[in-house]
2 protein chains.
Amino acid sequence: MTAAAFGGLDRLIADFGDIPVVTERNVVRRRSRDFFWYSPILNVQLDGKTADLMVLPRNEDEVVRIASVCARHRVPLTVRGGGTGNYGQAVPLEGGVLLDISGLDGIEWIKPGSIRVGAGAKMNAIDAAARPEGWELRLHPSTKRMATIGGFVAGGSGGIGSISYGGLREPGNILAARVVTLEEEPRVIELRGDAAQKVNRAYGTTGIITALEMPLAQAWNWIDVVVAFDDFSEAAAFGHEAALADGIVKKVLSPVTWPLPSYFGALKPYCPEGKSVLMAMIAEPSLESFRSLLGGRGAITLEMPTDESPSRVPLYEYCWNHTTLQVLKSDRSVTYLQCLYPHDRVLEKVAELRELFPDEVMQHLEFIRFGGRLTCSGLPVIRYSDADRLNEIIRLHEERGVFIANPHVFTIEDGSRYKRADADQLGFKHEVDPHGLLNPGKMRSFVSARG
Amino acid sequence: MTAAAFGGLDRLIADFGDIPVVTERNVVRRRSRDFFWYSPILNVQLDGKTADLMVLPRNEDEVVRIASVCARHRVPLTVRGGGTGNYGQAVPLEGGVLLDISGLDGIEWIKPGSIRVGAGAKMNAIDAAARPEGWELRLHPSTKRMATIGGFVAGGSGGIGSISYGGLREPGNILAARVVTLEEEPRVIELRGDAAQKVNRAYGTTGIITALEMPLAQAWNWIDVVVAFDDFSEAAAFGHEAALADGIVKKVLSPVTWPLPSYFGALKPYCPEGKSVLMAMIAEPSLESFRSLLGGRGAITLEMPTDESPSRVPLYEYCWNHTTLQVLKSDRSVTYLQCLYPHDRVLEKVAELRELFPDEVMQHLEFIRFGGRLTCSGLPVIRYSDADRLNEIIRLHEERGVFIANPHVFTIEDGSRYKRADADQLGFKHEVDPHGLLNPGKMRSFVSARG
């Protein structure tokens, strides 16, 4: 849909009143992108997709007005947070309005164990506000220093912290979400408890999230640790053992095969040539136990308190999707996958896949809890040849019982492990977006009555 | 060994100098007991076992003096804490000296995430000291209000909190232990990290623990919750689901079959007639998520902040070994077992055992993490007929893959799941107790050069 198709921008802008609007093509085009270029496939498919204009509401009332205007004009609306997603979640496929949520960045309150914030609050800012009171977010992506909490909930599944708490979909990891519906007379709905899952990883198709209530964890003094091993299998085996050690408080356990650490910028001095590494974040009081468990098996090359000051690169920016990013910075010939290993055969399956692709697929694991069980997510870096070969690699994983959440597709369904939308989310979308205007094209299962 | 056998008490008492000594037979006899009477078998076997005198050291120097005196006189020494063990760990089988450790009750220091205390510190007092700084012990037995930390480490395996942290044997759950050897010239040894396991569940046979460094957890506002279900299988199934929900912070999840709740004293009003219950301790910020997960499946009959004031009975005093105690208070015809279910078939095995013993074995489970995996410990209350039948019940469990840590035996080996002593502990005992005087008879595998 072009601007012309919905009757020109002027009427729309006039109806937005004094809400700040950006119409400069270059700016709107740039803000219509995220990190989908990780995928050579999405990089072609989403090229040139852009909104027609961007609005920057400063509070929920303005979000309500924007929603009403878009409903009346039947204009698509796509919400954007920090733009750090990897699957084009914030890329408007049909033009229209890009709603930048970052103005809703207030901290409503902090209580022992929970916090309520605007959806546009940066995760780094949330932690900065919570830490003086002894708290921090349970989970954050490796892009914590740029990402908004709304973007994380709308697109994310987990990340740093999932080794202890599982993903965002686990009961208790999102306490409540407040959403605005896309209707002529928008409603504001509070989704509490399990109902808040209606907006998790729905890419903003099931309402405009304006506020979130999130659980907080004890803020520990985290220590960034790197352990070097002769062989990747040793890094994976010790990582698994440490992951199973419930008495050791940790936030990340990430085994990475050589040569990936050779791309690790500021972390490179702690990654000896030819060695695979385990990256870990360990709570300071558990560090001695971690060392004791390691025994003489690997060499600790780094032990340093996590430093998030602007000039430093904390260890977590070498983990999760950042591992791939560190490689992409100097080698654009690679891409990646997102695998979920079966919890009862983690190390066997890792070994099996490694043998199958000794060079083409470079192993990178993240130990996580999933459904209460310890397993690992695999985010291997892959030497990319073409889409057919990538799909074959996916098939060869799936045939062996390793699930793939495909990061080379832009719909919610295709990117999920089960290739389908959550029934609750689909039903809820009909309630809150009757005209099918919220981020259209992302929830493939949804067929609107839009005329 | 009688007092006469080692040359009379007078020499011994003289050598103890000004260390307080108790010789009154009745007092010494009473303090030589613990809760072994839970077991009708131990109740006969350990009847009348008593020390000859009790010493009450006030500091580590006095412990060193006592150890030296006992070594020189070749007098057995058994350490006692709160006396809340269930297997006669503190019962002197060969008389001699009973060392009451409760005078070593100092708090050396509290740091973020860890605490160092005297072995005789009551666990309740430790929590009381840690809570103002936002901390509490990770694990405690249901006897927290009487037990000492030294007794818990020397005899315990886990308890309240094991749903999150596993047992004391998990790496990180004991940070360090300081022990005095039983030699003419006693040494004081600091065991750090994995080495601290040398004293865990060794009944004081591997050195006299004088101080412990323990990890601390975030002190939550805990809510005691009771949920009533029509059938025990529903209580167990929901308990399992809640146990697997890593986003819900909890300290206890304990399904108990009817009619056990009918014995529950002050908790009885919240246990409806004929219903099985799930007892839970949930962190206040997770309570809404817990309710949301429950949905309409059971009826919440109690939600109350944990109240440990002297006139109240906190919910945890109906859990773990206290479940059995609540029944024993009015019915001495029952006893119990300690089962470990296989983590990959928890609910199937619970159902299988329940079918096998519909009335004789009354199910009581405690969900725990064990080796990083969620499973449950079973502490069923059993209608006791005789030792043969009890052993048959044990055999029928073991044949079905349910391990038993037999609470009807007094040696470390027979009471363990593997019927053997830890090799490290046995080796260490030779180092620290060359004359075999520490709690003799409890570590069956140990053969000393004692003449």
# chains A, B, ... in the order shown; residues from 1 in each chain; ligands from 1
>>> residues_around(residues="A:Ile412", least_positions_apart="6", cutoff="9 Å", atoms="only C-alpha atoms", output="count of residues only")
10
>>> select_by_dssp(residues="stretch 150-202 of chain A", states="alpha helix (DSSP H)", output="list in words")
Gly150, Gly151, Phe152, Val153, Ala154, Gly155, Ser162, Ile163, Ser164 and Tyr165 of chain A
>>> write_last_selection(atoms="C-alpha atoms", output="PDB file, in the first residue's frame")
ATOM      1  CA  GLY A 150       8.368  -3.694  24.325  1.00  0.00           C
ATOM      2  CA  GLY A 151      10.414  -4.862  21.358  1.00  0.00           C
ATOM      3  CA  PHE A 152      11.905  -7.692  23.403  1.00  0.00           C
ATOM      4  CA  VAL A 153       8.496  -8.946  24.535  1.00  0.00           C
ATOM      5  CA  ALA A 154       6.955  -8.501  21.071  1.00  0.00           C
ATOM      6  CA  GLY A 155       9.728 -10.289  19.251  1.00  0.00           C
ATOM      7  CA  SER A 162      17.308 -18.026  30.223  1.00  0.00           C
ATOM      8  CA  ILE A 163      19.803 -20.445  31.765  1.00  0.00           C
ATOM      9  CA  SER A 164      17.991 -19.751  35.057  1.00  0.00           C
ATOM     10  CA  TYR A 165      14.497 -18.589  34.140  1.00  0.00           C
TER      11      TYR A 165
END
>>> atom_distance(atom1="atom CA of B:Tyr316", atom2="atom CA of B:Tyr263")
14.8 Å
>>> closest_atom_pairs(of="chain B", to="chain A", cutoff="8 Å", atoms="only C-alpha atoms", output="CSV")
residue,atom,partner,partner_atom,distance
B:Pro112,CA,A:Pro285,CA,7.6
B:Gly113,CA,A:Pro285,CA,5.8
B:Ser114,CA,A:Pro285,CA,6.6
B:Ser164,CA,A:Asp246,CA,7.2
B:Tyr165,CA,A:Asp246,CA,5.0
B:Gly166,CA,A:Asp246,CA,6.1
B:Glu170,CA,A:Gly247,CA,5.8
B:Pro171,CA,A:Gly247,CA,5.5
B:Gly172,CA,A:Gly247,CA,4.5
B:Asn173,CA,A:Gly247,CA,5.2
B:Leu175,CA,A:Ser289,CA,7.1
B:Gly193,CA,A:Ser289,CA,5.3
B:Asp194,CA,A:Ser292,CA,5.9
B:Pro215,CA,A:Pro285,CA,7.3
B:Gln218,CA,A:Gln218,CA,6.4
B:Ala243,CA,A:Gly372,CA,7.5
B:Leu244,CA,A:Gly372,CA,4.0
B:Ala245,CA,A:Gly372,CA,5.6
B:Asp246,CA,A:Tyr165,CA,5.0
B:Gly247,CA,A:Gly172,CA,4.5
B:Ile248,CA,A:Gly172,CA,5.3
B:Pro285,CA,A:Gly113,CA,5.8
B:Ser286,CA,A:Gly172,CA,6.2
B:Glu288,CA,A:Gly193,CA,6.5
B:Ser289,CA,A:Gly172,CA,5.1
B:Phe290,CA,A:Gly172,CA,7.6
B:Ser292,CA,A:Gly193,CA,5.7
B:Leu293,CA,A:Pro171,CA,7.0
B:Arg369,CA,A:Asp246,CA,7.6
B:Gly371,CA,A:Leu244,CA,6.2
B:Gly372,CA,A:Leu244,CA,4.0
B:Arg373,CA,A:Arg373,CA,6.7
B:Leu374,CA,A:Arg373,CA,7.3
>>> residues_around(residues="B:Glu234", least_positions_apart="4", cutoff="10 Å", atoms="only C-alpha atoms", output="number ranges by chain")
B: 228-230, 238-240, 255, 276-278, 297-298
>>> closest_residue(among="A:Pro272, A:Pro342, A:Gly158, A:Gly88", to="A:Glu398", atoms="only C-alpha atoms")
A:Pro342
>>> residues_around(residues="B:Glu183", least_positions_apart="4", cutoff="9 Å", atoms="only C-alpha atoms", output="CSV table (one decimal) with N, CA, C and O atoms, in the first residue's frame")
chain,number,residue,atom,x,y,z
B,67,ALA,N,39.2,-32.3,71.5
B,67,ALA,CA,39.6,-33.3,70.5
B,67,ALA,C,41.0,-33.9,71.0
B,67,ALA,O,41.1,-35.1,70.9
B,68,SER,N,41.9,-33.1,71.4
B,68,SER,CA,43.2,-33.5,71.9
B,68,SER,C,43.0,-34.5,73.1
B,68,SER,O,43.6,-35.6,73.1
B,69,VAL,N,42.2,-34.1,74.0
B,69,VAL,CA,42.0,-34.9,75.2
B,69,VAL,C,41.4,-36.3,74.8
B,69,VAL,O,41.8,-37.3,75.3
B,70,CYS,N,40.3,-36.3,74.0
B,70,CYS,CA,39.7,-37.5,73.5
B,70,CYS,C,40.7,-38.4,72.8
B,70,CYS,O,40.7,-39.6,72.9
B,71,ALA,N,41.6,-37.8,72.0
B,71,ALA,CA,42.6,-38.6,71.2
B,71,ALA,C,43.5,-39.2,72.2
B,71,ALA,O,43.8,-40.4,72.1
B,72,ARG,N,44.0,-38.4,73.2
B,72,ARG,CA,45.0,-39.0,74.1
B,72,ARG,C,44.4,-40.1,74.9
B,72,ARG,O,45.0,-41.1,75.2
B,187,ARG,N,44.6,-30.7,64.2
B,187,ARG,CA,44.8,-29.7,63.1
B,187,ARG,C,43.4,-29.0,62.8
B,187,ARG,O,42.4,-29.6,63.1
B,432,VAL,N,41.8,-37.5,59.2
B,432,VAL,CA,41.4,-36.6,60.3
B,432,VAL,C,41.0,-37.4,61.6
B,432,VAL,O,40.9,-36.8,62.6
B,433,ASP,N,40.8,-38.7,61.5
B,433,ASP,CA,40.4,-39.5,62.6
B,433,ASP,C,41.1,-40.8,62.7
B,433,ASP,O,40.5,-41.9,62.6
B,434,PRO,N,42.4,-40.8,62.8
B,434,PRO,CA,43.3,-42.0,62.7
B,434,PRO,C,42.9,-43.1,63.7
B,434,PRO,O,43.1,-44.2,63.5
B,435,HIS,N,42.3,-42.6,64.9
B,435,HIS,CA,42.0,-43.6,65.9
B,435,HIS,C,40.6,-44.1,65.8
B,435,HIS,O,40.1,-44.9,66.6
>>> residues_around(residues="B:Thr23", least_positions_apart="6", cutoff="12 Å", atoms="only C-alpha atoms", output="PyMOL selection string")
chain B and resi 3+9-10+12-13+29-31+50-56+96-98
>>> write_last_selection(atoms="N, CA, C and O atoms", output="PDB file, in the first residue's frame")
ATOM      1  N   ALA B   3      32.334 -45.832  80.602  1.00  0.00           N
ATOM      2  CA  ALA B   3      33.247 -44.844  81.183  1.00  0.00           C
ATOM      3  C   ALA B   3      34.456 -45.549  81.801  1.00  0.00           C
ATOM      4  O   ALA B   3      35.603 -45.105  81.663  1.00  0.00           O
ATOM      5  N   LEU B   9      35.775 -41.137  84.340  1.00  0.00           N
ATOM      6  CA  LEU B   9      35.434 -39.820  83.832  1.00  0.00           C
ATOM      7  C   LEU B   9      36.303 -38.734  84.451  1.00  0.00           C
ATOM      8  O   LEU B   9      36.522 -37.689  83.843  1.00  0.00           O
ATOM      9  N   ASP B  10      36.792 -39.000  85.626  1.00  0.00           N
ATOM     10  CA  ASP B  10      37.423 -37.914  86.378  1.00  0.00           C
ATOM     11  C   ASP B  10      38.649 -37.345  85.677  1.00  0.00           C
ATOM     12  O   ASP B  10      38.828 -36.132  85.581  1.00  0.00           O
ATOM     13  N   LEU B  12      39.294 -37.430  82.571  1.00  0.00           N
ATOM     14  CA  LEU B  12      38.815 -36.738  81.370  1.00  0.00           C
ATOM     15  C   LEU B  12      38.338 -35.335  81.731  1.00  0.00           C
ATOM     16  O   LEU B  12      38.736 -34.333  81.136  1.00  0.00           O
ATOM     17  N   ILE B  13      37.482 -35.281  82.735  1.00  0.00           N
ATOM     18  CA  ILE B  13      36.913 -33.995  83.140  1.00  0.00           C
ATOM     19  C   ILE B  13      38.015 -33.047  83.604  1.00  0.00           C
ATOM     20  O   ILE B  13      38.007 -31.856  83.276  1.00  0.00           O
ATOM     21  N   ARG B  29      21.677 -38.672  78.828  1.00  0.00           N
ATOM     22  CA  ARG B  29      20.907 -39.691  78.112  1.00  0.00           C
ATOM     23  C   ARG B  29      19.901 -39.037  77.153  1.00  0.00           C
ATOM     24  O   ARG B  29      19.751 -39.460  76.010  1.00  0.00           O
ATOM     25  N   ARG B  30      19.252 -37.983  77.645  1.00  0.00           N
ATOM     26  CA  ARG B  30      18.242 -37.314  76.807  1.00  0.00           C
ATOM     27  C   ARG B  30      18.893 -36.618  75.630  1.00  0.00           C
ATOM     28  O   ARG B  30      18.394 -36.660  74.511  1.00  0.00           O
ATOM     29  N   ARG B  31      20.048 -36.002  75.887  1.00  0.00           N
ATOM     30  CA  ARG B  31      20.712 -35.282  74.806  1.00  0.00           C
ATOM     31  C   ARG B  31      21.433 -36.231  73.846  1.00  0.00           C
ATOM     32  O   ARG B  31      21.890 -35.805  72.792  1.00  0.00           O
ATOM     33  N   THR B  50      23.840 -44.131  74.916  1.00  0.00           N
ATOM     34  CA  THR B  50      24.070 -42.822  75.518  1.00  0.00           C
ATOM     35  C   THR B  50      25.559 -42.538  75.678  1.00  0.00           C
ATOM     36  O   THR B  50      26.374 -43.466  75.773  1.00  0.00           O
ATOM     37  N   ALA B  51      25.862 -41.267  75.672  1.00  0.00           N
ATOM     38  CA  ALA B  51      27.230 -40.858  75.988  1.00  0.00           C
ATOM     39  C   ALA B  51      27.438 -40.979  77.498  1.00  0.00           C
ATOM     40  O   ALA B  51      26.489 -41.152  78.269  1.00  0.00           O
ATOM     41  N   ASP B  52      28.688 -40.841  77.901  1.00  0.00           N
ATOM     42  CA  ASP B  52      28.989 -40.862  79.330  1.00  0.00           C
ATOM     43  C   ASP B  52      28.974 -39.470  79.924  1.00  0.00           C
ATOM     44  O   ASP B  52      28.656 -39.284  81.089  1.00  0.00           O
ATOM     45  N   LEU B  53      29.337 -38.512  79.077  1.00  0.00           N
ATOM     46  CA  LEU B  53      29.243 -37.126  79.545  1.00  0.00           C
ATOM     47  C   LEU B  53      29.142 -36.206  78.335  1.00  0.00           C
ATOM     48  O   LEU B  53      29.412 -36.607  77.210  1.00  0.00           O
ATOM     49  N   MET B  54      28.714 -34.993  78.617  1.00  0.00           N
ATOM     50  CA  MET B  54      28.531 -34.033  77.546  1.00  0.00           C
ATOM     51  C   MET B  54      29.439 -32.842  77.825  1.00  0.00           C
ATOM     52  O   MET B  54      29.534 -32.382  78.964  1.00  0.00           O
ATOM     53  N   VAL B  55      30.096 -32.342  76.769  1.00  0.00           N
ATOM     54  CA  VAL B  55      30.895 -31.117  76.914  1.00  0.00           C
ATOM     55  C   VAL B  55      30.286 -30.029  76.052  1.00  0.00           C
ATOM     56  O   VAL B  55      29.721 -30.292  75.004  1.00  0.00           O
ATOM     57  N   LEU B  56      30.420 -28.808  76.510  1.00  0.00           N
ATOM     58  CA  LEU B  56      29.812 -27.681  75.811  1.00  0.00           C
ATOM     59  C   LEU B  56      30.846 -26.596  75.530  1.00  0.00           C
ATOM     60  O   LEU B  56      30.906 -25.583  76.225  1.00  0.00           O
ATOM     61  N   GLY B  96      31.151 -42.552  75.556  1.00  0.00           N
ATOM     62  CA  GLY B  96      32.179 -41.531  75.421  1.00  0.00           C
ATOM     63  C   GLY B  96      31.620 -40.134  75.586  1.00  0.00           C
ATOM     64  O   GLY B  96      30.685 -39.917  76.368  1.00  0.00           O
ATOM     65  N   VAL B  97      32.178 -39.226  74.798  1.00  0.00           N
ATOM     66  CA  VAL B  97      31.881 -37.813  74.962  1.00  0.00           C
ATOM     67  C   VAL B  97      30.874 -37.354  73.908  1.00  0.00           C
ATOM     68  O   VAL B  97      31.026 -37.655  72.722  1.00  0.00           O
ATOM     69  N   LEU B  98      29.861 -36.636  74.369  1.00  0.00           N
ATOM     70  CA  LEU B  98      28.928 -35.975  73.463  1.00  0.00           C
ATOM     71  C   LEU B  98      29.326 -34.504  73.427  1.00  0.00           C
ATOM     72  O   LEU B  98      29.321 -33.829  74.458  1.00  0.00           O
TER      73      LEU B  98
END
>>> closest_residue(among="B:Leu137, B:Val28, B:Val64, B:Ala211", to="B:Asp105", atoms="only C-alpha atoms")
B:Ala211
>>> atom_distance(atom1="atom CA of A:Gly106", atom2="atom CA of A:Glu190")
17.3 Å
>>> select_by_dssp(residues="stretch 177-216 of chain A", states="strand (DSSP E)", output="list of chain:residue names")
A:Ala177, A:Arg178, A:Val179, A:Val180, A:Val188, A:Ile189, A:Glu190, A:Leu191, A:Arg192, A:Ile208, A:Ile209, A:Thr210, A:Ala211, A:Leu212, A:Glu213, A:Met214, A:Pro215, A:Leu216
>>> atom_distance(atom1="atom CA of A:Glu185", atom2="atom CA of A:Pro440")
19.8 Å
>>> residues_around(residues="B:Pro314", least_positions_apart="4", cutoff="10 Å", atoms="only C-alpha atoms", output="list in words")
Ser142, Asp224, Ala266, Leu267, Met304, Pro305, Thr306, Asp307, Glu308, Ser309, Pro310, Tyr318 and Cys319 of chain B
>>> write_last_selection(atoms="C-alpha atoms", output="JSON list (two decimals), in the first residue's frame")
[["chain", "number", "residue", "atom", "x", "y", "z"],
["B", 142, "SER", "CA", 11.52, -28.47, 58.22],
["B", 224, "ASP", "CA", 2.25, -20.09, 52.37],
["B", 266, "ALA", "CA", -3.28, -25.67, 62.85],
["B", 267, "LEU", "CA", -3.35, -26.19, 59.07],
["B", 304, "MET", "CA", -0.78, -16.17, 53.96],
["B", 305, "PRO", "CA", 2.70, -14.71, 54.42],
["B", 306, "THR", "CA", 5.00, -17.22, 56.10],
["B", 307, "ASP", "CA", 4.88, -16.44, 59.80],
["B", 308, "GLU", "CA", 7.72, -17.82, 61.89],
["B", 309, "SER", "CA", 6.81, -16.08, 65.12],
["B", 310, "PRO", "CA", 6.99, -18.41, 68.12],
["B", 318, "TYR", "CA", 3.90, -29.57, 57.63],
["B", 319, "CYS", "CA", 6.39, -30.42, 54.87]]
